[in-house]
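Heads up, the thing below is written out as C-alpha cells.
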Amino acid sequence: MSALPTLPDGGEQAFIDQTVTRNLGRPGALLGILEAIQEHHPHKYLSAEVLHYVAAKLDIPLARIYSFATFYALFNLDPQGDHTVCICRGTACHTRNSRNLLESIRLELGLGLNDDDASGEADKLSLTTKDGKFTVRTVACFGQCALAPVVEINHRICGHVNERTLQREVRALEREAE
Amino acid sequence: MPRIEDIGVFNSVRETGMGKLVPTVPRIAVGMGTCGRGNGAEGLYHAFAEAIDHSGENFFLTSVGCFGACCQEPLVNVRVPGQPLLILRQVQASDAGRIVHDVIAGNITPDLVYCKVEEWDHITGVIRYGHGYPEVPAWSEVPFFKGQKKIVLRNCGLINPDDIEEYIAVGGYQALYKTLIDAKPEAIVEQIKAAKLRGRGGAGYLTGNKWEFLRKAVADQKFLICNADEGDPGAYMNRNEIESDPHSMIEGMIIGGYVTGATQGIIYVRAEYPLAVHRLRKAIEQAHEYGILGENILGRGFKFDIELVEGAGAFVCGEETALIASLEGEAGRPRPRPPFPAQKGLWGKPSNINNVETWYNIAPIVTKGPAWFTETGSAKSPGTKVFSLVGKVHSTGLVEMPLGTTLKTFVYDIGEGGVGGRTIKSVQTGGPSGGCIPHEMFDTPVDYESLAQLGSIMGSGGMVVMDEDNCMVDVARYFIEFTNSESCGKCVPCRVGLNKSLRILNRITTGGGRMQHMETMEELSRYIRDCSLCGLGQSAPNPVMTTMRHFRHEFEDHIVAQRCQAGVCTELALSPCENSCPLHMNIPRFLQLYKEERLDEAFDSVILDNPLPASTGRVCQHPCDERCRRLTMDASVNMREVHRFIADSVLLTDRFEAAAERLAKRALEHTGRKVAIAGAGPAGLTAAFYLALLGHDVTVFDPLPEAGGMLRFALPEYRLPKPALRREVELIERLGVKFALNTRVGTDISLNELDERFDAAFLAIGTWKESWVYLPGTELKGVYPALPLLESVAKGEAVNLGRKVTVIGGGNAAIDSARTALRKGAEVVVVYRRERKDMPAIEEETEAAEKEGARIVFLSAPHRIISDAKGNVKALEVVKTRLGEYDKSGRRKPVLTEEVQRIECDSVVLAVGETVDLDFCKASGLQIKSDGTIEVDRYRLESSRPRFFAGGDLVTGASNVSNAMAFGKRAARAIDEQLMDSDVGRWASLFPKMQYEQTPPKDVSESGRHTPHEMTVRERMQSSAEVVMGLSAEDSHEEACRCLRCDIKVTASR
C-alpha cells in the first residue's frame, strides 16, 4: 500500500478517517461514506483530492471510486451553490408542467438554455450560477405526486408551485444574500 | 423502556399504547407525512399546541401518518372519548382554535368534517372508538374510500409512527411473537405460499417460493433485503407506508428472517425520502430498546438486526442485482441471473429481496391465515395493492383496492373524474416500465395479467391520469428521456437504442418527424426489449410501444399534419391560441396589426385565415379562450370579439370595396381546373374561398335559395344578422365563385354528373336531418322538429308556435329554438336528460336563454307526448333520470328512475340531434361509417371515390361552424395539391408576409377583459336585432393591447 496522500484541510481528513472506520465492512459502506463526506462539506461536493484520498484509504483503485461517484446522481463533483433549487421531473409533475418551471428558473438565474446537448434535456441536470449562489438541479421523482408540481428549495418541499411562486421564493433568497 | 421478554410485559406495553390511542381525554392527531408537511402540517401542529395550552383543558396531541386522501391534506383526527374518530380535512392553522373550542363544547366542526370511523380493523387487532355523529358519513361511504380495503395501509394515518407502543396497541408484533413461540418456520412458509402472495414491486413473483429457496440454501450467513428504492415517477406508496407505519415493515422482516434463517436485514431506501429514512431509524432504535431487534428477540433466543442504507439517486438500483452491486460498493449495474440472489446474493451469500409492500402483507397473513387473504382479489392475484392515483384526476392520493378492480373504478368512482371539465384520455400505469391505456379500455381489471395484454404492466402501482391537454407523443418522449438517463449503460441495445429512440421522438415533437420513424422505433423497441439484460431495458420501450399502438393518430398528426392537438409540443404551433383555433388563425398577428392601428391590414390578416370572420366572430365556440396565456394572469383576451370588430369595420362599411379588390389581387393564375362544392354552408363556403384564390373555377350547389347553410337558415337573426353574412358571401362571389342555388346534389344533379363535369368535388352537405327519437306522440299536432322550425323562421315564414313550448334537447339547436319561441311570446321549458355541465350547447347561449326566461329542467328524459281530444299536444310526460355509469364519452349515462313528471304545454320542439341525410349518395361508391357519416382519409380528406372529397358535419357528425370551416380550408389545400400535382409553395404563396412588431411587448395593457354590451331582455323580446352588440373601437383596441404575444419565441442568452 502506497503512502496516504494528505488533504489540505486537516479537519476534513479527520472526518473522513472517522467515517471510514465507522462504515467499513457494512453493506452499502461506500455509499454511506461518500454520502457523509459530501454532506459534511460546506459546498456539498466531493473534490478530486477527496476522491483520491478515499481511494487510497480504502485501498480501492481510483477508477472504481470515480466510476461509483459518477454513476450516482446524488454525488456532486463540483461545488454546489449556497442555495439549491431542485425541480421534480416525475410523471405527475410533468403532466402539470414542471418542464416550464425548469425553463423559467433557468432564465431567471441566467443559466441559459443553450448549453444542452443535442439529445434534448441534459440528463441529471445540475447547473450552478457563476457567483456560486444558486444551483438548479432536477430529480426524477420526489414521490410527492399529490403536490404536483413540486420544487425542493434548500431541502424544503414546496408543492403546487407555479412560475410566479417559484420566482418569488428565489428572489426572497437573493435578497437574503445581500 | 421495558425490554419485552414475556407476554406479561408485552401486554402491559400494549395497554400503555392503548391509553394513548384511545385516551380518556380528547385526542387530536395531525397528519404529518411529507404531503401533510408540504401543506403546512407543522405550523398546524404548533397552532393546536398553542390553542390547547390557551384553553387550559386536557388534550392528547400527537401526530400520525397519512390516511391516503392526499388531496384533502392537511388531515386531522379528532376523537372525543366514547365517540367515533372524526377526520377533518384541509385544516389550516387558523382553524385550530375553533376546533379545540368545538371539542370542548362537545360540537363537531361541520365545514371541516370529512368522515368518521366508528370501528377500525387493523387486521392484527380491532379498535372500537364509539358510535355517534349520525350526520357524518362513515369513511367507507366517502367516494374516495368506497371499495378500498386497507390491509397494507391498515395503520397509516391512525397511529403515531414514532411510537412503537401505539403499534403494539393495535396488535403489532403479535404475529412475530406467535411465530417465535410456535417455532415452526416451515409452517409460516407454507402459509405464505398458500396465500399466493406475489411480489408487490412489479415482477409479481410468488413470495412464498422465494422464501423457500432462501430457507433451503445452506450458508454461514444469509441476508434479507428490503427494496425501498421506489424510483417510479408517479409512485409514492412505499414512501407513505414507511413514513406512516415503519414497524409493519420491521415486523415483516423479522418474521422473514426467522423463517428463512437470515440474521441480517438491510433496508435500501432512496435518499430522496429523508422523512422515511428518519422514521425508519427511529423505529429501528425503538425496536432495539424494546427488545424486538437485536439479540434474544422477545426473549425467544432469536437474533436479527436491520441496517439502513441510503441510495444515491439511481433508478436502476431498484433492480435486485443492481441493488446488491450498489451495496457491495460498486456502480449499480445489473448482473446476469442465474445465479439468483437466493443462491448467490450479497457478497455471494444467499439473499432475498422483497419490495416494501410485500413485507407489509406478512403480519396480516400470519395473523389471519392464507384463506382469509385469498378471499380478496382475484384467483391468480389475491390480496390488495396500493396505487398512487395522480395526475389530471379530481381526487388524488393513495388507494388500496383488491386486485382485479377496473381502471374505470379508479378513475371515475374513486378519483371522481377529470379536472376543469377536461375529458380524460388515458391512464399511464406501471411507471416507465408500463404503458398508457386509452379511455376506451378502462373496463380492464388491474392485476398482473390483464394489463400485460394491453402492453402495459401494473408495476409498482403508479397510476397517472392524463386528459386532452396531455400529448401522448410527449408522454412517450418523457419516459424515454427518463429511462435513457437512468440506463446503467452496460447493454448496447438499452444504452444506444434508448438514446436513438429519444432523438427520434425529439424530432417528431419538433416538426422533423417522418412516417418511417415510426417503423424504426418499432424495430428499435423490439431489439431493446429482447436484448437487454435487466428489467429496465426490457421494459423501457413499453411506453413507446403502447402509445404507438393505442394513440397512433397522435403520432401521425405530429408527423403528417405537423400539429399537436393538446398544445404541448410548442414548436409545432405559433401560439396556444393559434393551435387551439380550428382554422389556426394567426391571432397574435391581427391583434398586433390592430394595436398598431393598421385596420385594413388587420382585416387582410383575418380574412385570409378565416373567410367568415363576422359570422364566427359571433357564433364560434372560442376554444382560444381556454388556452390564452393571459388566463393565468386575469382573463383571456377576447380574440373573437376583436376579429368580429375588425370584420364588421370593413365588411359593413365603405372599406369593403377596397378590401374586396385587394383580396381579388391575391388570387393565383387561372388553372383551368373546375371544382364542384355540394353545400353552401361554412365548410363549402370556406373551401370555395380558398379554391378560388388558388385560381380554380368553383361552382357551389345548394338546395336552399341563399348561400350560408345553417348560418343563414338555422342560426337566428338575433345571434347572426344576415347582412354581415351576405357581405361575407359577396366577398367570395367577387373571387369568381359561382353559386347554383335551389339545386340539390343527388336529386337535381347526380354525383355522376359532377364527376363528368368537374375535375374534383367537395361534399359538405352537413347534418340537416333531425335524429329520430322514439317518443310516442310525435305525430300529434303541435310537434315541431327543430331544424325545419328554425329554417322557416329564417326564411321569414309565419310559424304558429303555441303559448307554452317545451323543447327537448341540450344542444345549440335546442337553445336556438327556445330563444326563438321566447321571442314569439311563448313560455318556454327546455328538457334535458343529463346535467348542465354535459350540455353540448355553448354555455353563454344557455345562460342567455335562461336570462330571457327559459326554464331548463335537467335529468329528465322524454317519455311520451299527451294529446287532448282533438289530437293536439296537451302535455309532455318526462321520466326523471339519475346518472349511472360512465360511458365511452366520459359522461355518465342517464338511467331512468320511476319518477314521472308532467309538463303542461301546447307545442313540443324536438332538438335531440342531427344526422346526415344519406339519400344523396345512394349507390354512389362512397364508403359510409356505422354512424352514418362519410369515411374520408384523415389527412387528404378524400373519400373512397376518387376525386370526391368531403368535410364538415358530413364527416364528423353534428359539430359546429369553426370545425366545419377547418375542413373546408384543409380540403381546398388537399384538392389543389391533387389537381396541380404539387405541394410546393402554392398554398403558402396565398398568405402575405406581413411586417409588424416582433419584440415582446413592453406596454401590455393591464386592463381586465372587455366584454360587449348586450341588449336588455325586454329589448330583445321586442326586436330581432342582435343581442350581443360588439365592442367599441376603443375597447377592441385596448383588448388587442392585452395580448402577451406568445408567438414571439426568444432564445435566452446571458
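By convention in this document, the chains of the C-alpha cells carry letters A, B, ... by their order, each chain's residues are numbered from 1, and ligands are numbered from 1 in the order they are shown.
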For this session: Please provide the set of residues having any atom within 7 Å of Glu914 of chain B, restricted to only C-alpha atoms, with same-chain residues fewer than 4 positions apart removed, written as JSON, numbers by chain.
Result: {"B": [767, 768, 769, 770, 771, 958]}
Segment 411-483 of chain B residues near segment 82-94 of chain A within 12 Å, closest pair each, using only C-alpha atoms, as JSON lines:
{"residue": "B:Val427", "atom": "CA", "partner": "A:Ala92", "partner_atom": "CA", "distance": 11.5}
{"residue": "B:Gln428", "atom": "CA", "partner": "A:Thr91", "partner_atom": "CA", "distance": 9.3}
{"residue": "B:Thr429", "atom": "CA", "partner": "A:Thr91", "partner_atom": "CA", "distance": 10.8}
{"residue": "B:Gly430", "atom": "CA", "partner": "A:Thr91", "partner_atom": "CA", "distance": 11.2}
{"residue": "B:Gly431", "atom": "CA", "partner": "A:Thr91", "partner_atom": "CA", "distance": 8.1}
{"residue": "B:Pro432", "atom": "CA", "partner": "A:Thr91", "partner_atom": "CA", "distance": 9.0}
{"residue": "B:Gly462", "atom": "CA", "partner": "A:Thr91", "partner_atom": "CA", "distance": 9.6}
{"residue": "B:Met463", "atom": "CA", "partner": "A:Ala92", "partner_atom": "CA", "distance": 9.3}
{"residue": "B:Val464", "atom": "CA", "partner": "A:Ala92", "partner_atom": "CA", "distance": 6.4}
{"residue": "B:Val465", "atom": "CA", "partner": "A:Ala92", "partner_atom": "CA", "distance": 8.5}
{"residue": "B:Met466", "atom": "CA", "partner": "A:Ala92", "partner_atom": "CA", "distance": 9.3}
{"residue": "B:Asn470", "atom": "CA", "partner": "A:His94", "partner_atom": "CA", "distance": 9.8}
{"residue": "B:Cys471", "atom": "CA", "partner": "A:His94", "partner_atom": "CA", "distance": 11.4}
{"residue": "B:Asp474", "atom": "CA", "partner": "A:His94", "partner_atom": "CA", "distance": 10.0}
{"residue": "B:Val475", "atom": "CA", "partner": "A:Thr91", "partner_atom": "CA", "distance": 8.6}
{"residue": "B:Ala476", "atom": "CA", "partner": "A:Thr91", "partner_atom": "CA", "distance": 11.0}
{"residue": "B:Arg477", "atom": "CA", "partner": "A:His94", "partner_atom": "CA", "distance": 11.5}
{"residue": "B:Tyr478", "atom": "CA", "partner": "A:Thr91", "partner_atom": "CA", "distance": 8.1}
{"residue": "B:Phe479", "atom": "CA", "partner": "A:Thr91", "partner_atom": "CA", "distance": 8.3}
{"residue": "B:Ile480", "atom": "CA", "partner": "A:Thr91", "partner_atom": "CA", "distance": 11.9}
{"residue": "B:Glu481", "atom": "CA", "partner": "A:Arg89", "partner_atom": "CA", "distance": 10.6}
{"residue": "B:Phe482", "atom": "CA", "partner": "A:Gly90", "partner_atom": "CA", "distance": 9.0}
Produce a file of the selected residues containing N, CA and C atoms, as a CSV table (one decimal), in the first residue's frame.
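The result, stored in part_26.csv:
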chain,number,residue,atom,x,y,z
B,427,VAL,N,-54.8,6.4,-19.0
B,427,VAL,CA,-54.1,6.3,-17.7
B,427,VAL,C,-52.8,5.6,-18.0
B,428,GLN,N,-51.7,6.1,-17.4
B,428,GLN,CA,-50.4,5.5,-17.5
B,428,GLN,C,-50.2,4.7,-16.3
B,429,THR,N,-50.0,3.4,-16.5
B,429,THR,CA,-49.8,2.5,-15.3
B,429,THR,C,-48.4,2.0,-15.3
B,430,GLY,N,-47.8,1.7,-14.1
B,430,GLY,CA,-46.6,1.0,-14.0
B,430,GLY,C,-45.3,1.8,-14.2
B,431,GLY,N,-45.4,3.1,-14.2
B,431,GLY,CA,-44.2,3.9,-14.3
B,431,GLY,C,-43.6,3.8,-15.7
B,432,PRO,N,-42.3,4.0,-15.8
B,432,PRO,CA,-41.5,3.9,-17.0
B,432,PRO,C,-41.5,2.5,-17.7
B,462,GLY,N,-48.1,2.8,-9.8
B,462,GLY,CA,-48.3,4.2,-10.1
B,462,GLY,C,-49.4,4.3,-11.2
B,463,MET,N,-50.3,5.3,-11.0
B,463,MET,CA,-51.4,5.4,-12.0
B,463,MET,C,-51.6,6.9,-12.3
B,464,VAL,N,-51.0,7.3,-13.4
B,464,VAL,CA,-51.1,8.7,-13.7
B,464,VAL,C,-52.2,9.0,-14.8
B,465,VAL,N,-53.1,9.8,-14.4
B,465,VAL,CA,-54.3,10.0,-15.3
B,465,VAL,C,-53.9,11.2,-16.2
B,466,MET,N,-54.3,11.0,-17.5
B,466,MET,CA,-54.0,12.1,-18.5
B,466,MET,C,-55.2,12.5,-19.2
B,470,ASN,N,-52.9,16.6,-22.5
B,470,ASN,CA,-51.6,15.9,-22.5
B,470,ASN,C,-51.4,15.3,-23.9
B,471,CYS,N,-50.2,15.5,-24.4
B,471,CYS,CA,-49.9,14.9,-25.7
B,471,CYS,C,-49.2,13.6,-25.5
B,474,ASP,N,-45.6,13.3,-26.5
B,474,ASP,CA,-44.7,13.9,-25.4
B,474,ASP,C,-44.6,13.0,-24.2
B,475,VAL,N,-45.6,12.2,-23.9
B,475,VAL,CA,-45.5,11.3,-22.8
B,475,VAL,C,-44.5,10.2,-23.1
B,476,ALA,N,-44.6,9.7,-24.4
B,476,ALA,CA,-43.6,8.7,-24.8
B,476,ALA,C,-42.2,9.2,-24.7
B,477,ARG,N,-42.1,10.4,-25.2
B,477,ARG,CA,-40.7,11.1,-25.1
B,477,ARG,C,-40.3,11.3,-23.7
B,478,TYR,N,-41.2,11.7,-22.9
B,478,TYR,CA,-40.8,11.9,-21.4
B,478,TYR,C,-40.3,10.6,-20.8
B,479,PHE,N,-40.9,9.5,-21.1
B,479,PHE,CA,-40.5,8.3,-20.4
B,479,PHE,C,-39.2,7.8,-21.0
B,480,ILE,N,-39.0,7.9,-22.3
B,480,ILE,CA,-37.7,7.5,-22.9
B,480,ILE,C,-36.6,8.4,-22.4
B,481,GLU,N,-36.9,9.7,-22.2
B,481,GLU,CA,-35.9,10.6,-21.6
B,481,GLU,C,-35.4,10.0,-20.3
B,482,PHE,N,-36.4,9.6,-19.5
B,482,PHE,CA,-36.1,9.1,-18.2
B,482,PHE,C,-35.3,7.8,-18.2
For this session: Write down, as a ChimeraX atom specification, each residue of chain A that has any atom within 9 Å of an atom of chain B, counting only C-alpha atoms.
Result: /A:26-32,35,64-65,67-75,89-96,107,110-114,118-124,139-148,156-159
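Pairwise distance (atom CA of Met585 of chain B, atom CA of Asp759 of chain B) equals 29.1 Å.
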For this session: Could you check which of A:Ala56, A:Ile153, A:Ala172, A:Ala36 is closest to Pro5 of chain A, using only C-alpha atoms?
Result: A:Ala56
For this session: List every residue of segment 645-801 of chain B that DSSP, applied to the backbone, labels as strand (DSSP E or B), and write the result as a PyMOL selection string.
Result: chain B and resi 674-678+697-702+738-741+745+749+760-763+769-770+781+783-785
Can you write just those residues out, C-alpha atoms, as an mmCIF file, in the first residue's frame?
data_model
loop_
_atom_site.group_PDB
_atom_site.id
_atom_site.type_symbol
_atom_site.label_atom_id
_atom_site.label_comp_id
_atom_site.auth_asym_id
_atom_site.auth_seq_id
_atom_site.Cartn_x
_atom_site.Cartn_y
_atom_site.Cartn_z
ATOM 1 C CA LYS B 674 -63.123 23.016 -62.257
ATOM 2 C CA VAL B 675 -64.241 22.123 -58.753
ATOM 3 C CA ALA B 676 -67.788 21.435 -57.587
ATOM 4 C CA ILE B 677 -68.860 22.030 -53.989
ATOM 5 C CA ALA B 678 -72.007 20.478 -52.588
ATOM 6 C CA ASP B 697 -63.107 27.568 -61.292
ATOM 7 C CA VAL B 698 -65.558 26.886 -58.457
ATOM 8 C CA THR B 699 -69.286 26.185 -58.513
ATOM 9 C CA VAL B 700 -71.222 25.802 -55.250
ATOM 10 C CA PHE B 701 -74.509 23.873 -55.273
ATOM 11 C CA ASP B 702 -77.111 24.301 -52.551
ATOM 12 C CA LYS B 738 -70.426 30.649 -58.964
ATOM 13 C CA PHE B 739 -73.459 29.696 -56.914
ATOM 14 C CA ALA B 740 -76.063 27.250 -58.280
ATOM 15 C CA LEU B 741 -78.781 27.697 -55.679
ATOM 16 C CA VAL B 745 -76.934 17.425 -55.233
ATOM 17 C CA ILE B 749 -77.711 16.883 -60.167
ATOM 18 C CA ALA B 760 -62.866 17.341 -58.316
ATOM 19 C CA ALA B 761 -65.745 17.672 -55.873
ATOM 20 C CA PHE B 762 -66.015 18.638 -52.216
ATOM 21 C CA LEU B 763 -69.077 17.293 -50.412
ATOM 22 C CA LYS B 769 -81.828 15.534 -40.910
ATOM 23 C CA GLU B 770 -83.399 15.525 -37.479
ATOM 24 C CA LYS B 781 -100.379 18.500 -33.978
ATOM 25 C CA VAL B 783 -94.835 18.882 -32.572
ATOM 26 C CA TYR B 784 -92.046 20.599 -34.479
ATOM 27 C CA PRO B 785 -88.643 19.241 -35.387
#
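Atom pair atom CA of Glu468 of chain B / atom CA of Ile424 of chain B: separated by 6.2 Å.
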With only C-alpha atoms as the counted atoms, please give the residues lying no more than 9 Å from Leu46 of chain A, apart from itself and same-chain residues fewer than 2 positions off, as a tab-separated table (two decimals) with C-alpha atoms, in the first residue's frame.
chain	number	residue	atom	x	y	z
A	34	LEU	CA	-19.33	9.25	0.35
A	37	ILE	CA	-18.33	13.20	3.37
A	38	GLN	CA	-20.37	15.15	0.87
A	41	HIS	CA	-18.54	19.70	3.19
A	43	HIS	CA	-20.33	23.19	-0.54
A	44	LYS	CA	-21.79	19.70	-0.56
A	48	ALA	CA	-10.85	15.34	-6.71
A	49	GLU	CA	-8.46	15.34	-3.76
A	50	VAL	CA	-11.08	13.77	-1.54
A	51	LEU	CA	-11.72	11.01	-4.06
A	69	ALA	CA	-19.13	8.70	-7.76
A	75	PHE	CA	-22.86	12.80	-5.70
A	76	ASN	CA	-21.63	16.21	-6.80
A	77	LEU	CA	-18.17	16.58	-8.17
A	78	ASP	CA	-18.48	20.35	-8.36
A	79	PRO	CA	-19.14	22.78	-5.53
Fewer than 5 positions away in the same chain doesn't count, so skip those; otherwise give me all residues within 10 Å of Glu1006 of chain B, counting only C-alpha atoms, as a PDB file with N, CA and C atoms, in the first residue's frame.
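Saved result, out.pdb, follows:
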ATOM      1  N   MET B 633     -53.123  35.223 -15.771  1.00  0.00           N
ATOM      2  CA  MET B 633     -52.992  36.487 -15.046  1.00  0.00           C
ATOM      3  C   MET B 633     -54.356  36.978 -14.570  1.00  0.00           C
ATOM      4  N   ASP B 634     -55.230  37.267 -15.527  1.00  0.00           N
ATOM      5  CA  ASP B 634     -56.571  37.675 -15.108  1.00  0.00           C
ATOM      6  C   ASP B 634     -57.613  36.931 -15.934  1.00  0.00           C
ATOM      7  N   GLU B1038     -58.006  48.329 -26.886  1.00  0.00           N
ATOM      8  CA  GLU B1038     -57.474  48.011 -25.554  1.00  0.00           C
ATOM      9  C   GLU B1038     -57.334  46.496 -25.387  1.00  0.00           C
ATOM     10  N   GLU B1039     -58.321  45.790 -25.887  1.00  0.00           N
ATOM     11  CA  GLU B1039     -58.293  44.336 -25.796  1.00  0.00           C
ATOM     12  C   GLU B1039     -57.084  43.785 -26.551  1.00  0.00           C
ATOM     13  N   CYS B1041     -54.373  45.220 -26.980  1.00  0.00           N
ATOM     14  CA  CYS B1041     -53.169  45.561 -26.210  1.00  0.00           C
ATOM     15  C   CYS B1041     -52.952  44.639 -25.016  1.00  0.00           C
ATOM     16  N   ARG B1042     -53.926  43.785 -24.737  1.00  0.00           N
ATOM     17  CA  ARG B1042     -53.765  42.860 -23.602  1.00  0.00           C
ATOM     18  C   ARG B1042     -53.004  41.599 -23.997  1.00  0.00           C
TER      19      ARG B1042
END
Exercise. Do you have the atom CA of His155 of chain A-atom CA of Gln286 of chain B distance handy?
Worked result: 26.3 Å
Within 9 Å of Ala692 of chain B using only C-alpha atoms, minus same-chain residues under 4 positions, as a PDB file with C-alpha atoms, in the first residue's frame:
ATOM      1  CA  ALA B 667     -55.644  35.121 -56.434  1.00  0.00           C
ATOM      2  CA  LEU B 668     -53.230  32.910 -58.343  1.00  0.00           C
ATOM      3  CA  HIS B 670     -56.376  30.637 -63.507  1.00  0.00           C
ATOM      4  CA  ALA B 687     -63.427  25.630 -49.481  1.00  0.00           C
ATOM      5  CA  ALA B 688     -64.818  27.812 -52.268  1.00  0.00           C
ATOM      6  CA  HIS B 696     -59.647  27.269 -59.738  1.00  0.00           C
ATOM      7  CA  ASP B 697     -63.107  27.568 -61.292  1.00  0.00           C
ATOM      8  CA  VAL B 698     -65.558  26.886 -58.457  1.00  0.00           C
ATOM      9  CA  ILE B 732     -66.483  35.068 -52.058  1.00  0.00           C
ATOM     10  CA  LEU B 735     -63.440  35.966 -56.299  1.00  0.00           C
ATOM     11  CA  GLY B 736     -65.357  34.395 -59.158  1.00  0.00           C
ATOM     12  CA  VAL B 737     -67.153  31.652 -57.289  1.00  0.00           C
TER      13      VAL B 737
END
For this session: Name the residues of chain A that come out as helix (DSSP H, G or I) in a backbone DSSP run; write them as a PyMOL selection string.
Result: chain A and resi 10-23+29-40+48-58+62-71+91-95+98-108+113-115+145-147+163-177
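In this comparison, which uses only C-alpha atoms, the residue of A:Leu62, A:Pro42, A:Lys57, A:His52 approaching Ala14 of chain A most closely is A:Lys57.
When only C-alpha atoms are used to measure the gap to Arg99 of chain A, the shortest distance among A:Asn154, A:Gln13, A:Thr138, A:Asn23 belongs to A:Thr138.
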Problem set entry | Residue contacts of Gly252 of chain B (10 Å, only C-alpha atoms) excluding same-chain residues fewer than 5 positions away, as a VMD selection string | chain B and resid 173 175 to 176 247 257 356 to 364 366
Could you write out that same residue set with C-alpha atoms as a compact mmCIF listing (two decimals), in the first residue's frame?
# COMPACT_ATOMS: atom_id res chain seq x y z
CA TYR B 173 -45.60 -7.59 16.83
CA ALA B 175 -47.65 -12.10 14.70
CA LEU B 176 -43.92 -12.06 15.40
CA HIS B 247 -42.92 -1.05 12.28
CA GLY B 257 -35.54 -13.62 8.88
CA VAL B 356 -41.66 -2.74 0.90
CA GLU B 357 -45.29 -3.53 0.29
CA THR B 358 -44.68 -7.26 0.20
CA TRP B 359 -43.33 -7.06 3.75
CA TYR B 360 -46.46 -5.24 4.91
CA ASN B 361 -48.59 -8.20 3.92
CA ILE B 362 -46.70 -10.69 6.08
CA ALA B 363 -48.09 -9.92 9.54
CA PRO B 364 -51.71 -9.94 8.26
CA VAL B 366 -49.63 -14.78 9.68
